[in-house]
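*Asks:* If it helps, the file is called protein.txt and holds compact mmCIF, C-alpha atoms:
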```
# COMPACT_ATOMS: atom_id res chain seq x y z
CA MET A 144 19.76 -3.33 21.01
CA PHE A 145 23.35 -3.48 19.78
CA ILE A 146 22.27 -5.85 17.02
CA ALA A 147 20.09 -3.20 15.42
CA GLN A 148 23.00 -0.76 15.36
CA THR A 149 25.33 -3.10 13.54
CA LEU A 150 22.85 -3.95 10.79
CA PRO A 151 22.99 -1.78 7.67
CA THR A 152 20.22 0.73 7.09
CA VAL A 153 17.76 -0.15 4.35
CA THR A 154 17.56 2.81 1.98
CA SER A 155 15.18 3.26 -0.91
CA SER A 156 17.94 2.13 -3.29
CA TRP A 157 17.63 -1.36 -1.84
CA TYR A 158 13.94 -1.51 -2.63
CA LEU A 159 14.53 -0.09 -6.10
CA SER A 160 17.24 -2.68 -6.80
CA LEU A 161 14.96 -5.50 -5.65
CA ALA A 162 12.18 -4.13 -7.86
CA ALA A 163 14.58 -4.02 -10.81
CA LEU A 164 15.48 -7.67 -10.20
CA LEU A 165 11.81 -8.64 -9.97
CA PHE A 166 11.06 -6.76 -13.19
CA ALA A 167 13.93 -8.48 -15.00
CA ILE A 168 12.78 -11.92 -13.85
CA GLY A 169 9.25 -11.13 -15.06
CA ALA A 170 10.54 -9.91 -18.42
CA VAL A 171 12.65 -13.03 -18.94
CA GLY A 172 9.69 -15.21 -17.99
CA LEU A 173 7.44 -13.41 -20.45
CA LEU A 174 9.97 -13.98 -23.22
CA VAL A 175 10.83 -17.59 -22.37
CA ARG A 176 7.55 -19.24 -21.40
CA ARG A 177 5.06 -20.27 -24.07
CA ASN A 178 2.03 -21.02 -21.92
CA PRO A 179 -0.24 -17.92 -22.10
CA LEU A 180 -1.33 -18.32 -18.47
CA VAL A 181 2.25 -18.32 -17.22
CA MET A 182 3.01 -15.36 -19.47
CA PHE A 183 0.16 -13.52 -17.73
CA MET A 184 1.68 -14.36 -14.36
CA CYS A 185 4.98 -12.89 -15.51
CA VAL A 186 3.18 -9.68 -16.48
CA GLU A 187 1.81 -9.60 -12.92
CA LEU A 188 5.37 -9.93 -11.62
CA MET A 189 6.44 -6.92 -13.66
CA LEU A 190 3.45 -4.89 -12.44
CA ASN A 191 4.35 -5.77 -8.85
CA ALA A 192 7.91 -4.63 -9.41
CA VAL A 193 6.64 -1.25 -10.61
CA ASN A 194 4.30 -1.02 -7.61
CA LEU A 195 7.24 -1.65 -5.31
CA THR A 196 9.13 1.15 -7.04
CA PHE A 197 6.21 3.54 -6.59
CA VAL A 198 5.93 2.79 -2.88
CA ALA A 199 9.68 3.17 -2.37
CA PHE A 200 9.62 6.57 -4.09
CA ALA A 201 6.50 7.60 -2.16
CA ARG A 202 8.36 7.01 1.08
CA SER A 203 11.68 8.50 0.07
CA MET A 204 10.04 11.67 -1.28
CA GLY A 205 7.40 11.85 1.43
CA ASP A 206 4.58 12.08 -1.09
CA LEU A 207 1.41 10.06 -0.71
CA GLY A 208 0.63 10.42 -4.43
CA GLY A 209 2.82 7.40 -5.20
CA GLN A 210 0.65 5.19 -3.03
CA ALA A 211 -2.49 6.52 -4.72
CA LEU A 212 -1.01 5.60 -8.08
CA VAL A 213 -0.26 2.06 -6.85
CA PHE A 214 -3.93 1.76 -5.96
CA PHE A 215 -4.93 2.63 -9.53
CA VAL A 216 -2.32 0.26 -10.97
CA MET A 217 -3.86 -2.55 -8.94
CA VAL A 218 -7.34 -1.75 -10.25
CA VAL A 219 -6.16 -1.71 -13.86
CA ALA A 220 -4.20 -4.95 -13.33
CA ALA A 221 -7.32 -6.64 -11.97
CA ALA A 222 -9.36 -5.51 -14.98
CA GLU A 223 -6.61 -6.65 -17.33
CA VAL A 224 -6.48 -10.11 -15.77
CA VAL A 225 -10.25 -10.51 -15.92
CA VAL A 226 -10.48 -9.64 -19.61
CA GLY A 227 -7.33 -11.60 -20.50
CA LEU A 228 -8.48 -14.77 -18.78
CA ALA A 229 -11.92 -14.44 -20.40
CA ILE A 230 -10.23 -14.26 -23.81
CA MET A 231 -8.24 -17.38 -22.93
CA VAL A 232 -11.40 -19.23 -21.87
CA ALA A 233 -13.12 -18.30 -25.13
CA LEU A 234 -10.02 -19.30 -27.11
CA LEU A 235 -9.48 -22.64 -25.41
CA ARG A 236 -13.16 -23.51 -25.73
CA ARG A 237 -12.92 -23.19 -29.50
CA ARG A 238 -9.49 -24.74 -29.83
CA PRO A 239 -8.71 -27.04 -26.89
CA ASP A 240 -5.38 -28.00 -28.42
CA ALA A 241 -4.02 -24.44 -28.45
CA THR A 242 -2.09 -24.60 -25.21
CA THR A 243 0.89 -22.52 -26.22
CA ALA A 244 1.04 -19.01 -27.57
CA ASP A 245 2.55 -20.30 -30.81
CA ASP A 246 -0.57 -22.32 -31.61
CA VAL A 247 -2.69 -19.19 -31.94
CA ALA A 248 -1.88 -17.91 -35.38
CA ALA A 249 -5.43 -17.30 -36.65
CA LEU A 250 -4.81 -13.55 -36.89
CA ARG A 251 -1.64 -13.98 -38.87
CA GLY A 252 -1.97 -12.40 -42.29
CA MET B 285 15.29 -4.44 12.16
CA GLU B 286 14.07 -3.35 8.76
CA PHE B 287 17.14 -5.03 7.33
CA VAL B 288 16.02 -8.43 8.59
CA VAL B 289 12.50 -7.89 7.24
CA PHE B 290 13.90 -6.77 3.89
CA LEU B 291 16.22 -9.76 3.68
CA ILE B 292 13.54 -12.37 4.42
CA ALA B 293 10.81 -10.76 2.30
CA GLY B 294 13.24 -10.10 -0.53
CA ALA B 295 14.32 -13.74 -0.54
CA ILE B 296 10.67 -14.83 -0.68
CA VAL B 297 9.96 -12.38 -3.52
CA VAL B 298 12.91 -13.45 -5.65
CA GLY B 299 12.43 -17.14 -4.91
CA GLY B 300 8.76 -16.99 -5.83
CA ALA B 301 9.50 -15.07 -9.01
CA ILE B 302 12.06 -17.65 -10.08
CA GLY B 303 9.49 -20.32 -9.29
CA VAL B 304 6.98 -18.67 -11.64
CA LEU B 305 9.68 -18.63 -14.28
CA ALA B 306 10.85 -22.21 -13.81
CA PHE B 307 7.92 -24.42 -12.74
CA ALA B 308 6.67 -26.47 -15.66
CA ASN B 309 3.20 -26.95 -14.15
CA PRO B 310 1.01 -23.79 -14.31
CA VAL B 311 -0.58 -24.63 -10.94
CA HIS B 312 2.82 -24.64 -9.26
CA ALA B 313 3.67 -21.38 -10.99
CA ALA B 314 0.46 -19.79 -9.67
CA LEU B 315 1.21 -20.93 -6.10
CA SER B 316 4.72 -19.59 -6.48
CA LEU B 317 3.20 -16.29 -7.59
CA VAL B 318 1.29 -16.17 -4.28
CA ALA B 319 4.61 -16.29 -2.40
CA THR B 320 5.95 -13.37 -4.41
CA LEU B 321 2.77 -11.32 -3.85
CA PHE B 322 2.93 -11.95 -0.10
CA GLY B 323 6.57 -10.93 -0.04
CA VAL B 324 5.73 -7.68 -1.83
CA ALA B 325 2.94 -7.09 0.69
CA VAL B 326 5.44 -7.49 3.52
CA LEU B 327 7.72 -4.97 1.82
CA PHE B 328 4.75 -2.58 1.57
CA VAL B 329 4.21 -2.86 5.32
CA ALA B 330 7.92 -2.24 5.91
CA GLN B 331 7.53 1.03 3.99
CA ASN B 332 4.46 2.20 5.96
CA ALA B 333 1.97 1.39 3.21
CA GLN B 334 -0.32 -0.77 5.33
CA PHE B 335 -3.45 -0.16 3.28
CA LEU B 336 -1.74 -1.14 0.05
CA ALA B 337 -0.38 -4.28 1.71
CA ALA B 338 -3.91 -5.29 2.68
CA VAL B 339 -5.20 -4.56 -0.83
CA GLN B 340 -2.28 -6.51 -2.26
CA VAL B 341 -3.17 -9.61 -0.24
CA ILE B 342 -6.92 -9.32 -0.82
CA VAL B 343 -6.96 -8.37 -4.51
CA TYR B 344 -3.84 -10.09 -5.85
CA ALA B 345 -3.37 -13.16 -3.68
CA GLY B 346 -7.05 -13.49 -2.88
CA ALA B 347 -8.77 -12.72 -6.16
CA ILE B 348 -6.39 -12.69 -9.10
CA VAL B 349 -4.47 -15.88 -8.27
CA VAL B 350 -7.69 -17.70 -7.43
CA LEU B 351 -9.00 -16.59 -10.83
CA PHE B 352 -5.85 -17.98 -12.43
CA LEU B 353 -6.30 -21.30 -10.63
CA PHE B 354 -9.97 -21.44 -11.57
CA VAL B 355 -9.15 -20.96 -15.26
CA ILE B 356 -6.32 -23.51 -15.11
CA MET B 357 -8.49 -26.15 -13.50
CA LEU B 358 -11.70 -25.38 -15.41
CA LEU B 359 -9.99 -25.67 -18.74
CA GLY B 360 -7.80 -28.60 -17.73
CA VAL B 361 -4.63 -27.02 -19.05
CA ASP B 362 -2.70 -28.03 -15.96
CA ARG B 363 -0.52 -30.52 -17.79
CA SER B 364 3.09 -29.53 -17.55
CA ASP B 365 4.91 -27.79 -20.33
CA ASP B 366 7.82 -29.59 -21.82
CA LEU B 367 10.54 -27.14 -20.85
CA ARG B 368 13.25 -29.01 -22.72
CA VAL B 369 12.11 -28.04 -26.18
CA GLU B 370 13.02 -24.59 -27.32
CA PRO B 371 10.34 -23.32 -29.74
CA ILE B 372 12.52 -20.78 -31.48
CA VAL B 373 16.22 -21.39 -31.91
CA GLY B 374 18.23 -19.12 -29.66
CA GLN B 375 15.18 -17.76 -27.84
CA ARG B 376 16.34 -18.52 -24.31
CA PRO B 377 19.85 -17.08 -24.55
CA LEU B 378 18.45 -13.95 -26.18
CA ALA B 379 15.72 -13.63 -23.53
CA LEU B 380 18.29 -14.06 -20.77
CA LEU B 381 20.48 -11.45 -22.43
CA ALA B 382 17.53 -9.04 -22.61
CA GLY B 383 16.73 -9.66 -18.95
CA VAL B 384 20.29 -9.06 -17.86
CA GLY B 385 20.31 -5.90 -19.96
CA VAL B 386 17.12 -4.61 -18.34
CA LEU B 387 18.49 -5.43 -14.90
CA ALA B 388 21.84 -3.78 -15.57
CA ALA B 389 20.25 -0.62 -16.98
CA SER B 390 17.87 -0.31 -14.01
CA LEU B 391 20.62 -0.95 -11.47
CA VAL B 392 22.89 1.63 -13.06
CA ALA B 393 20.04 4.16 -13.00
CA VAL B 394 19.19 3.38 -9.37
CA LEU B 395 22.69 3.21 -7.97
CA SER B 396 24.03 6.24 -9.82
CA ALA B 397 21.22 8.33 -8.33
CA GLY B 398 21.18 6.43 -5.03
CA GLY B 399 21.36 8.24 -1.75
CA SER B 400 21.44 11.74 -3.20
CA THR B 401 18.38 12.85 -1.29
CA ALA B 402 19.56 16.43 -1.11
CA THR B 403 19.07 17.01 -4.81
CA ARG B 404 15.52 15.70 -4.87
CA THR B 405 12.85 18.31 -5.23
CA VAL B 406 9.38 17.50 -4.01
CA ARG B 407 6.66 18.71 -6.34
CA SER B 408 4.65 21.65 -5.11
CA THR B 409 1.36 19.76 -4.97
CA ALA B 410 2.84 16.88 -3.00
CA VAL B 411 0.68 15.47 -0.23
CA ALA B 412 2.93 14.71 2.69
CA ILE B 413 2.71 11.27 4.28
CA PRO B 414 1.33 12.04 7.73
CA THR B 415 2.84 10.42 10.77
CA GLU B 416 0.10 10.93 13.34
CA GLU B 417 -2.90 9.39 11.54
CA PRO B 418 -3.05 5.99 9.86
CA ASP B 419 -2.16 6.03 6.17
CA VAL B 420 -5.55 4.67 5.12
CA THR B 421 -7.21 7.87 6.37
CA SER B 422 -4.96 10.18 4.41
CA LEU B 423 -4.92 7.91 1.36
CA GLY B 424 -8.71 7.81 1.35
CA ARG B 425 -8.87 11.58 1.65
CA LEU B 426 -6.41 11.92 -1.24
CA LEU B 427 -8.34 9.46 -3.44
CA PHE B 428 -11.67 11.16 -2.85
CA THR B 429 -10.41 14.72 -3.33
CA ASP B 430 -7.47 15.08 -5.71
CA HIS B 431 -7.99 11.85 -7.63
CA VAL B 432 -11.77 11.57 -7.51
CA LEU B 433 -12.15 11.72 -11.30
CA ALA B 434 -9.66 8.88 -11.78
CA LEU B 435 -11.45 6.93 -9.07
CA GLU B 436 -14.78 7.26 -10.88
CA ILE B 437 -13.16 6.22 -14.15
CA THR B 438 -11.83 3.06 -12.48
CA ALA B 439 -15.42 2.26 -11.53
CA ILE B 440 -16.40 2.50 -15.21
CA LEU B 441 -13.34 0.43 -16.16
CA LEU B 442 -14.23 -2.35 -13.74
CA THR B 443 -17.84 -2.42 -14.98
CA VAL B 444 -16.67 -2.63 -18.60
CA ALA B 445 -14.21 -5.39 -17.69
CA VAL B 446 -16.86 -7.46 -15.92
CA VAL B 447 -19.35 -7.09 -18.78
CA GLY B 448 -16.64 -7.90 -21.32
CA ALA B 449 -15.54 -10.98 -19.39
CA VAL B 450 -19.09 -12.29 -19.19
CA VAL B 451 -19.70 -11.70 -22.89
CA LEU B 452 -16.43 -13.35 -23.87
CA ALA B 453 -16.64 -16.37 -21.60
CA ARG B 454 -20.31 -17.37 -21.76
CA ARG B 455 -21.61 -20.02 -24.10
CA PRO B 456 -23.89 -18.64 -26.82
CA GLY B 457 -27.59 -19.38 -26.46
CA ARG B 458 -29.33 -21.98 -28.58
CA ASP B 459 -31.31 -19.54 -30.71
CA GLU B 460 -28.76 -16.84 -31.34
CA PRO B 461 -26.05 -17.27 -33.96
CA SER B 462 -22.72 -17.95 -32.38
CA VAL B 463 -19.41 -16.49 -33.45
CA GLU B 464 -18.10 -20.01 -33.96
CA ALA B 465 -20.89 -20.79 -36.45
CA ASP B 466 -20.07 -17.63 -38.41
CA VAL B 467 -16.42 -18.53 -38.59
CA GLU B 468 -17.13 -22.11 -39.60
CA ALA B 469 -19.59 -20.97 -42.28
CA GLU B 470 -16.93 -18.78 -43.81
CA ALA B 471 -14.29 -21.49 -43.69
```
How does the structure come out when it is put into structure tokens?

*Replies:*
Amino acid sequence: MFIAQTLPTVTSSWYLSLAALLFAIGAVGLLVRRNPLVMFMCVELMLNAVNLTFVAFARSMGDLGGQALVFFVMVVAAAEVVVGLAIMVALLRRRPDATTADDVAALRG
Amino acid sequence: MEFVVFLIAGAIVVGGAIGVLAFANPVHAALSLVATLFGVAVLFVAQNAQFLAAVQVIVYAGAIVVLFLFVIMLLGVDRSDDLRVEPIVGQRPLALLAGVGVLAASLVAVLSAGGSTATRTVRSTAVAIPTEEPDVTSLGRLLFTDHVLALEITAILLTVAVVGAVVLARRPGRDEPSVEADVEAEA
């Protein structure tokens, strides 16, 4: 297995850097896209980046609490998506033309 | 070996994320999101979090993305965005600048602290990741002992979310006054 010895070791910094990149892509997507559904997907990307960070820290510190927290983050993310998509269904049923986030200005004072 | 897994899964994660960002059609963006979620699940397995990887595939890729696709197709909003128009002048360069700033700040924080494992102090109540039993056993024990109150609260949260989703998304009955009628009466 001389191949395995020449490959670099993957430390937790690698996972944290990848999670930072994923978070940045999600943040840019949230700011750039105007379709509310795609904006939701970008929020999911950012949540996944944070989950990846938690798991990386759980392994590097040898603490299972990080994995337990990821479990709770997933539950809250699922609840958030359910309520958010229900709001979008109710919104688009009333105003079928409101396909971008800019069209929804009914709450503007 | 972990390097190869990290490289392939990382490429899938980043590629999928860029796909979510760049695809004009929401359906394509949702399918691209599936690729990212699978890649993250692979990275979970590579870090000995097998249970979380399974939950990731079942809950995220299985349930959440399917919910996204259902909403997209039920409402017929799957026509592509026109990505050429920029709604606010200067939005995209500013967003890109903000993203690069977030990335740079995180990378500086990670790499300046990177590798210094000797200085890390494990908290006194830390539950060690066991090596002899599968992680689902110890994670389940942890969830039902230390975090049992939070676990019960998530049950309440999920119930509230389901009831709220049903109330928000259902059509009002014929006899009861609808919110739409109230709004139109005021207008």

*Asks:* Report, in Å with one decimal, the straight-line distance from CA of Gly300 (chain B) to CA of Pro377 (chain B).

*Replies:*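 Separation between CA of Gly300 (chain B) and CA of Pro377 (chain B): 21.8 Å.
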
*Asks:* With 8 Å added on each side, what axis-aligned box encloses every listed atom of region 307-318 of chain B? Give the centre and edge lengths in Å to one decimal, as AutoDock Vina command-line options.

*Replies:*
```
--center_x 3.7 --center_y -21.6 --center_z -10.0 --size_x 24.5 --size_y 26.8 --size_z 27.4
```

*Asks:* Between A:Leu234, A:Leu150, A:Ala220, A:Val181, which one has atoms that come closest to Leu315 (chain B), using all atoms listed in the file?

*Replies:*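 Nearest candidate to Leu315 (chain B) out of A:Leu234, A:Leu150, A:Ala220, A:Val181: A:Val181.
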
*Asks:* Tell me which protein, DNA and RNA residues are within 10 Å of Asn194 (chain A), counting all atoms listed in the file, leaving out same-chain ones fewer than 5 positions away, and put them as a PyMOL selection string.

*Replies:* (chain A and resi 162+188-189+199-200+209-210+212-214+216-217) or (chain B and resi 324+328+336)

*Asks:* Around (-17.5, -10.1, -14.4), as given in the file, which residues come within 12 Å? Count only C-alpha atoms and list them as a list in words.

*Replies:*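 Applying the cut-off with only C-alpha atoms, one gets Ala221, Ala222, Glu223, Val224, Val225, Val226, Gly227, Leu228 and Ala229 of chain A; Leu351, Leu441, Leu442, Thr443, Val444, Ala445, Val446, Val447, Gly448, Ala449, Val450, Val451, Leu452, Ala453 and Arg454 of chain B.
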
*Asks:* Tell me, in Å to one decimal, how far CA of Arg177 (chain A) is from CA of Arg236 (chain A).

*Replies:*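 Interatomic distance here is 18.6 Å.
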
*Asks:* Could you tell me which residues of chain A sit within 7 Å of chain B when counting all atoms listed in the file, and give me the result as a VMD selection string?

*Replies:* chain A and resid 147 150 to 153 156 159 to 160 163 to 165 167 to 168 170 to 172 174 to 175 181 202 204 to 208 211 218 221 to 222 225 to 226 229 to 230 232 to 233

*Asks:* Expressed in Å to a single decimal, how great is the separation between CA of Leu190 (chain A) and CA of Ile292 (chain B)?

*Replies:*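 Separation of CA of Leu190 (chain A) and CA of Ile292 (chain B): 21.0 Å.
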
*Asks:* Under the rule that only C-alpha atoms are counted, which of A:Ala241, A:Thr154, A:Phe215, A:Phe183 is the nearest residue to Glu436 (chain B)?

*Replies:*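 Selected residue with least distance to Glu436 (chain B): A:Phe215.
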